[in-house]
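These notes concern the structure reproduced below.
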Amino acid sequence: MLTREYSPIFGDSRPLAGEFSAFAPINIALVKYWGKRDMALYLPETDSLSITVPHYGTRTTLRHDTHLKVDRIILNGVALSTDAIFYKRLLHFLNLFRQKGDYFHIETENNIPTAAGLASSASGFAACTLALSRLYGFSLSLRTLSAYARRGSGSACRSFWPGFVLWQKGHLPSGEDSHGVPLQALWPDLRIAWEQVTFGEKKMPSTDAMQSCKETSTLYPLWPEVVREHLSLMQSAIKEKNFDLFGKIAEQNALSMHATMQAAWPPIYYANAHTIHSMEKVWELRKKGLSVYFTQDAGPHLKLLFLAESAQQVCASFPELTLVNPFVQEVLE
Ligand code: PMV
């Protein structure tokens, strides 16, 4: 049931008949978004910077169903109960768009593990926003779609472009200027990989974890300054194609974010024994002269960063890797 006063994002527009579908990719943050300055609009404390991972993400298909009295949401082939966490999250997002009495049939399919810290919520909310705009017959700019998608999952606003994307935190109270902006930089030799291990769903949703860090972590007050410095160094590394600086900043930024979690109360850990083992492997390979670095989000998977010339050696050390070349042109479908 909707109880609030309506002013749907799409105004008085009515959904079209038929099924509308969209695909959006995941993105991996190189300088992380960690903390909201506005909990209702999902406005971030800082800018952040990511790289899009083409072909891995979410396909969402939507239709307006006049027979339904409640949304029907099918995630990876399974109908969700109305009290499932993801159901409630998507319901909250759909409430921003629908008019009273409109219900949707939604099928959403991830080709990466769901809610495991592999950014399925970023691709999911980006795909849903694009599918919604098609259902209502709008042809919106990517920046507008990005700002809308942000309200489902902050990091979703970076999933609309290939390559490097900066999420500018924005200054307007409405949040209109808090969206992704693509960087005009190509780095065709860059490679990203992650291990094909299944750990199940993450321990704590990232929104709860970042809020707890803001409220309790002894290290969180340092975070905005760390991000400012890392963003500036990361942008120089990308411009100059300085891979060792790039890798160092990505790894240090991820570890700094996790340090804010370890200094929260109660402490938050997303790593498990496998994560630590993989980190040690990366550090061992670096000692032997191989340029490989990692980043880690709100889950136990590490994402490895290296150049094409190191791919063979990295793959030999981590046998079950999914290896991606991020620089292909089209990412949305
Ligand atoms: O967009 P959310 O609410 O899933 O938060 C994403 C948080 C991190 O993945 C840890 C960092 C980031 O910038 O993507």
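Letters A, B, ... go to the chains of the structure tokens in the order shown; residues in each chain start at 1; ligands are counted from 1 in the same order.
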Write out as number ranges by chain the residues lying within 12 Å of range 35-37 of chain A, counting only C-alpha atoms and excluding same-chain residues fewer than 4 positions away.
-> A: 41-48, 150-151, 153-155, 169-171, 173, 175, 178, 206-215, 217, 220-221, 223-224, 227, 257, 260-261
Identify, on the basis of only C-alpha atoms, every residue whose closest approach to range 68-70 of chain A does not exceed 6 Å; exclude the query and any residue fewer than 2 positions from it along the same chain; express the result as a ChimeraX atom specification.
-> /A:65-66,103
Give me the residues within 8 Å of Ile26 in chain A as a PyMOL selection string, counting only C-alpha atoms and dropping any in the same chain fewer than 3 places off.
-> chain A and resi 52-54+56-58+118-120+122-123+159
Would you list the contacts of Leu145 in chain A as JSON, numbers by chain, taking every protein, DNA or RNA residue within 9 Å and counting only C-alpha atoms, but skipping same-chain residues closer than 4 positions in sequence?
-> {"A": [126, 129, 130, 133, 140, 141, 149, 150, 157, 160, 179]}
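With only C-alpha atoms and all ligand atoms as the atoms that count, the minimum distance from ligand 1 to the choices A:His67, A:Arg89, A:Lys100, A:Lys239 is reached by A:Arg89.
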Range 3-241 of chain A: which residues are helix (DSSP H, G or I) by DSSP, as a ChimeraX atom specification?
-> /A:85-94,120-135,142-149,154-158,206-216,220-240
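Of the listed residues A:His277, A:Lys32, A:Arg63, A:Arg98, the one whose atoms come nearest to ligand 1 is A:Lys32, with distances taken using only C-alpha atoms and all ligand atoms.
The closest residue to ligand 1, picked from A:Leu30, A:Phe243, A:Val226, A:His274 and counting only C-alpha atoms and all ligand atoms, is A:Leu30.
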Nearest residue to Pro188 in chain A from the set A:Asn325, A:Ser317, A:Asn76, A:Ser81 (distances using only C-alpha atoms) | A:Asn325
Check range 62-141 of chain A with DSSP on the backbone and list each residue it calls strand (DSSP E), as an MDAnalysis selection string.
-> chainID A and resid 62:64 72:75 78:79 104:110
Store the residues of this selection in a file with all heavy atoms, as a CSV table (one decimal), in the first residue's frame.
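Here's the written file result.csv:
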```csv
chain,number,residue,atom,x,y,z
A,62,LEU,N,9.9,-5.4,-17.5
A,62,LEU,CA,8.8,-4.8,-16.8
A,62,LEU,C,7.5,-4.8,-17.6
A,62,LEU,O,7.6,-4.5,-18.8
A,62,LEU,CB,9.1,-3.3,-16.5
A,62,LEU,CG,10.0,-2.8,-15.4
A,62,LEU,CD1,10.1,-1.3,-15.6
A,62,LEU,CD2,9.4,-3.1,-14.1
A,63,ARG,N,6.4,-5.0,-17.0
A,63,ARG,CA,5.1,-4.6,-17.6
A,63,ARG,C,4.2,-4.1,-16.6
A,63,ARG,O,4.2,-4.5,-15.4
A,63,ARG,CB,4.6,-5.8,-18.5
A,63,ARG,CG,4.1,-6.9,-17.7
A,63,ARG,CD,3.3,-7.9,-18.7
A,63,ARG,NE,2.7,-8.9,-17.9
A,63,ARG,CZ,3.3,-10.1,-17.6
A,63,ARG,NH1,4.5,-10.4,-18.1
A,63,ARG,NH2,2.7,-10.9,-16.8
A,64,HIS,N,3.3,-3.2,-17.0
A,64,HIS,CA,2.3,-2.7,-16.2
A,64,HIS,C,1.1,-3.7,-16.2
A,64,HIS,O,0.7,-4.1,-17.3
A,64,HIS,CB,1.8,-1.3,-16.7
A,64,HIS,CG,0.6,-0.8,-16.0
A,64,HIS,ND1,-0.5,-0.3,-16.6
A,64,HIS,CD2,0.4,-0.7,-14.7
A,64,HIS,CE1,-1.3,0.1,-15.7
A,64,HIS,NE2,-0.9,-0.1,-14.5
A,72,ARG,N,4.6,-7.9,-8.6
A,72,ARG,CA,5.1,-9.2,-8.7
A,72,ARG,C,6.5,-9.2,-9.1
A,72,ARG,O,6.8,-8.7,-10.2
A,72,ARG,CB,4.2,-10.1,-9.6
A,72,ARG,CG,4.6,-11.5,-9.6
A,72,ARG,CD,3.5,-12.3,-10.4
A,72,ARG,NE,4.0,-13.6,-10.9
A,72,ARG,CZ,4.3,-14.6,-10.1
A,72,ARG,NH1,4.0,-14.6,-8.8
A,72,ARG,NH2,4.8,-15.7,-10.6
A,73,ILE,N,7.5,-9.6,-8.2
A,73,ILE,CA,8.9,-9.4,-8.6
A,73,ILE,C,9.5,-10.8,-8.6
A,73,ILE,O,9.5,-11.6,-7.6
A,73,ILE,CB,9.6,-8.6,-7.5
A,73,ILE,CG1,8.9,-7.2,-7.4
A,73,ILE,CG2,11.1,-8.4,-7.8
A,73,ILE,CD1,9.5,-6.3,-6.3
A,74,ILE,N,10.1,-11.1,-9.7
A,74,ILE,CA,10.8,-12.4,-9.9
A,74,ILE,C,12.3,-12.1,-10.1
A,74,ILE,O,12.7,-11.4,-11.0
A,74,ILE,CB,10.2,-13.1,-11.1
A,74,ILE,CG1,8.7,-13.3,-10.9
A,74,ILE,CG2,11.0,-14.4,-11.4
A,74,ILE,CD1,8.0,-13.9,-12.0
A,75,LEU,N,13.1,-12.6,-9.1
A,75,LEU,CA,14.5,-12.4,-9.1
A,75,LEU,C,15.2,-13.7,-9.4
A,75,LEU,O,15.0,-14.7,-8.7
A,75,LEU,CB,15.0,-11.8,-7.7
A,75,LEU,CG,16.5,-11.7,-7.5
A,75,LEU,CD1,17.1,-10.7,-8.4
A,75,LEU,CD2,16.7,-11.3,-6.0
A,78,VAL,N,13.0,-16.7,-9.4
A,78,VAL,CA,12.2,-17.1,-8.2
A,78,VAL,C,11.3,-15.9,-7.8
A,78,VAL,O,11.8,-14.8,-7.7
A,78,VAL,CB,13.2,-17.4,-7.1
A,78,VAL,CG1,12.4,-17.7,-5.8
A,78,VAL,CG2,14.1,-18.5,-7.4
A,79,ALA,N,10.0,-16.2,-7.6
A,79,ALA,CA,9.1,-15.1,-7.2
A,79,ALA,C,9.4,-14.7,-5.8
A,79,ALA,O,9.5,-15.6,-4.9
A,79,ALA,CB,7.6,-15.6,-7.3
A,104,PHE,N,3.2,-3.5,-11.1
A,104,PHE,CA,4.1,-4.0,-12.2
A,104,PHE,C,4.5,-5.5,-12.0
A,104,PHE,O,4.6,-6.0,-10.8
A,104,PHE,CB,5.4,-3.2,-12.2
A,104,PHE,CG,5.3,-1.8,-12.3
A,104,PHE,CD1,5.6,-0.9,-11.2
A,104,PHE,CD2,4.8,-1.2,-13.4
A,104,PHE,CE1,5.4,0.4,-11.3
A,104,PHE,CE2,4.6,0.2,-13.5
A,104,PHE,CZ,4.9,1.0,-12.4
A,105,HIS,N,4.7,-6.1,-13.1
A,105,HIS,CA,5.3,-7.5,-13.1
A,105,HIS,C,6.7,-7.3,-13.6
A,105,HIS,O,7.0,-6.7,-14.6
A,105,HIS,CB,4.5,-8.4,-14.1
A,105,HIS,CG,5.1,-9.7,-14.3
A,105,HIS,ND1,4.6,-10.8,-13.6
A,105,HIS,CD2,6.2,-10.2,-14.9
A,105,HIS,CE1,5.3,-11.9,-13.9
A,105,HIS,NE2,6.3,-11.5,-14.7
A,106,ILE,N,7.6,-7.7,-12.7
A,106,ILE,CA,9.1,-7.4,-13.0
A,106,ILE,C,9.9,-8.7,-12.9
A,106,ILE,O,9.8,-9.5,-12.0
A,106,ILE,CB,9.6,-6.5,-11.9
A,106,ILE,CG1,8.8,-5.2,-11.8
A,106,ILE,CG2,11.1,-6.2,-12.1
A,106,ILE,CD1,9.0,-4.5,-10.5
A,107,GLU,N,10.6,-8.9,-14.0
A,107,GLU,CA,11.6,-10.0,-13.9
A,107,GLU,C,13.0,-9.5,-14.0
A,107,GLU,O,13.3,-8.7,-14.9
A,107,GLU,CB,11.3,-11.0,-15.1
A,107,GLU,CG,10.0,-11.6,-14.8
A,107,GLU,CD,9.7,-12.8,-15.8
A,107,GLU,OE1,10.6,-13.5,-16.2
A,107,GLU,OE2,8.5,-12.9,-16.1
A,108,THR,N,13.8,-9.9,-13.1
A,108,THR,CA,15.2,-9.3,-13.1
A,108,THR,C,16.2,-10.5,-12.9
A,108,THR,O,16.0,-11.3,-12.0
A,108,THR,CB,15.3,-8.2,-12.0
A,108,THR,OG1,16.5,-7.5,-12.1
A,108,THR,CG2,15.0,-8.6,-10.6
A,109,GLU,N,17.1,-10.5,-13.7
A,109,GLU,CA,18.1,-11.6,-13.8
A,109,GLU,C,19.5,-11.1,-13.8
A,109,GLU,O,19.9,-10.2,-14.6
A,109,GLU,CB,17.8,-12.3,-15.2
A,109,GLU,CG,18.4,-13.6,-15.4
A,109,GLU,CD,17.5,-14.7,-14.8
A,109,GLU,OE1,16.2,-14.6,-14.9
A,109,GLU,OE2,18.0,-15.7,-14.3
A,110,ASN,N,20.3,-11.6,-12.8
A,110,ASN,CA,21.7,-11.2,-12.8
A,110,ASN,C,22.6,-12.3,-13.3
A,110,ASN,O,22.4,-13.4,-13.1
A,110,ASN,CB,22.1,-11.0,-11.3
A,110,ASN,CG,21.3,-9.9,-10.6
A,110,ASN,OD1,21.0,-8.9,-11.2
A,110,ASN,ND2,21.0,-10.1,-9.3
```
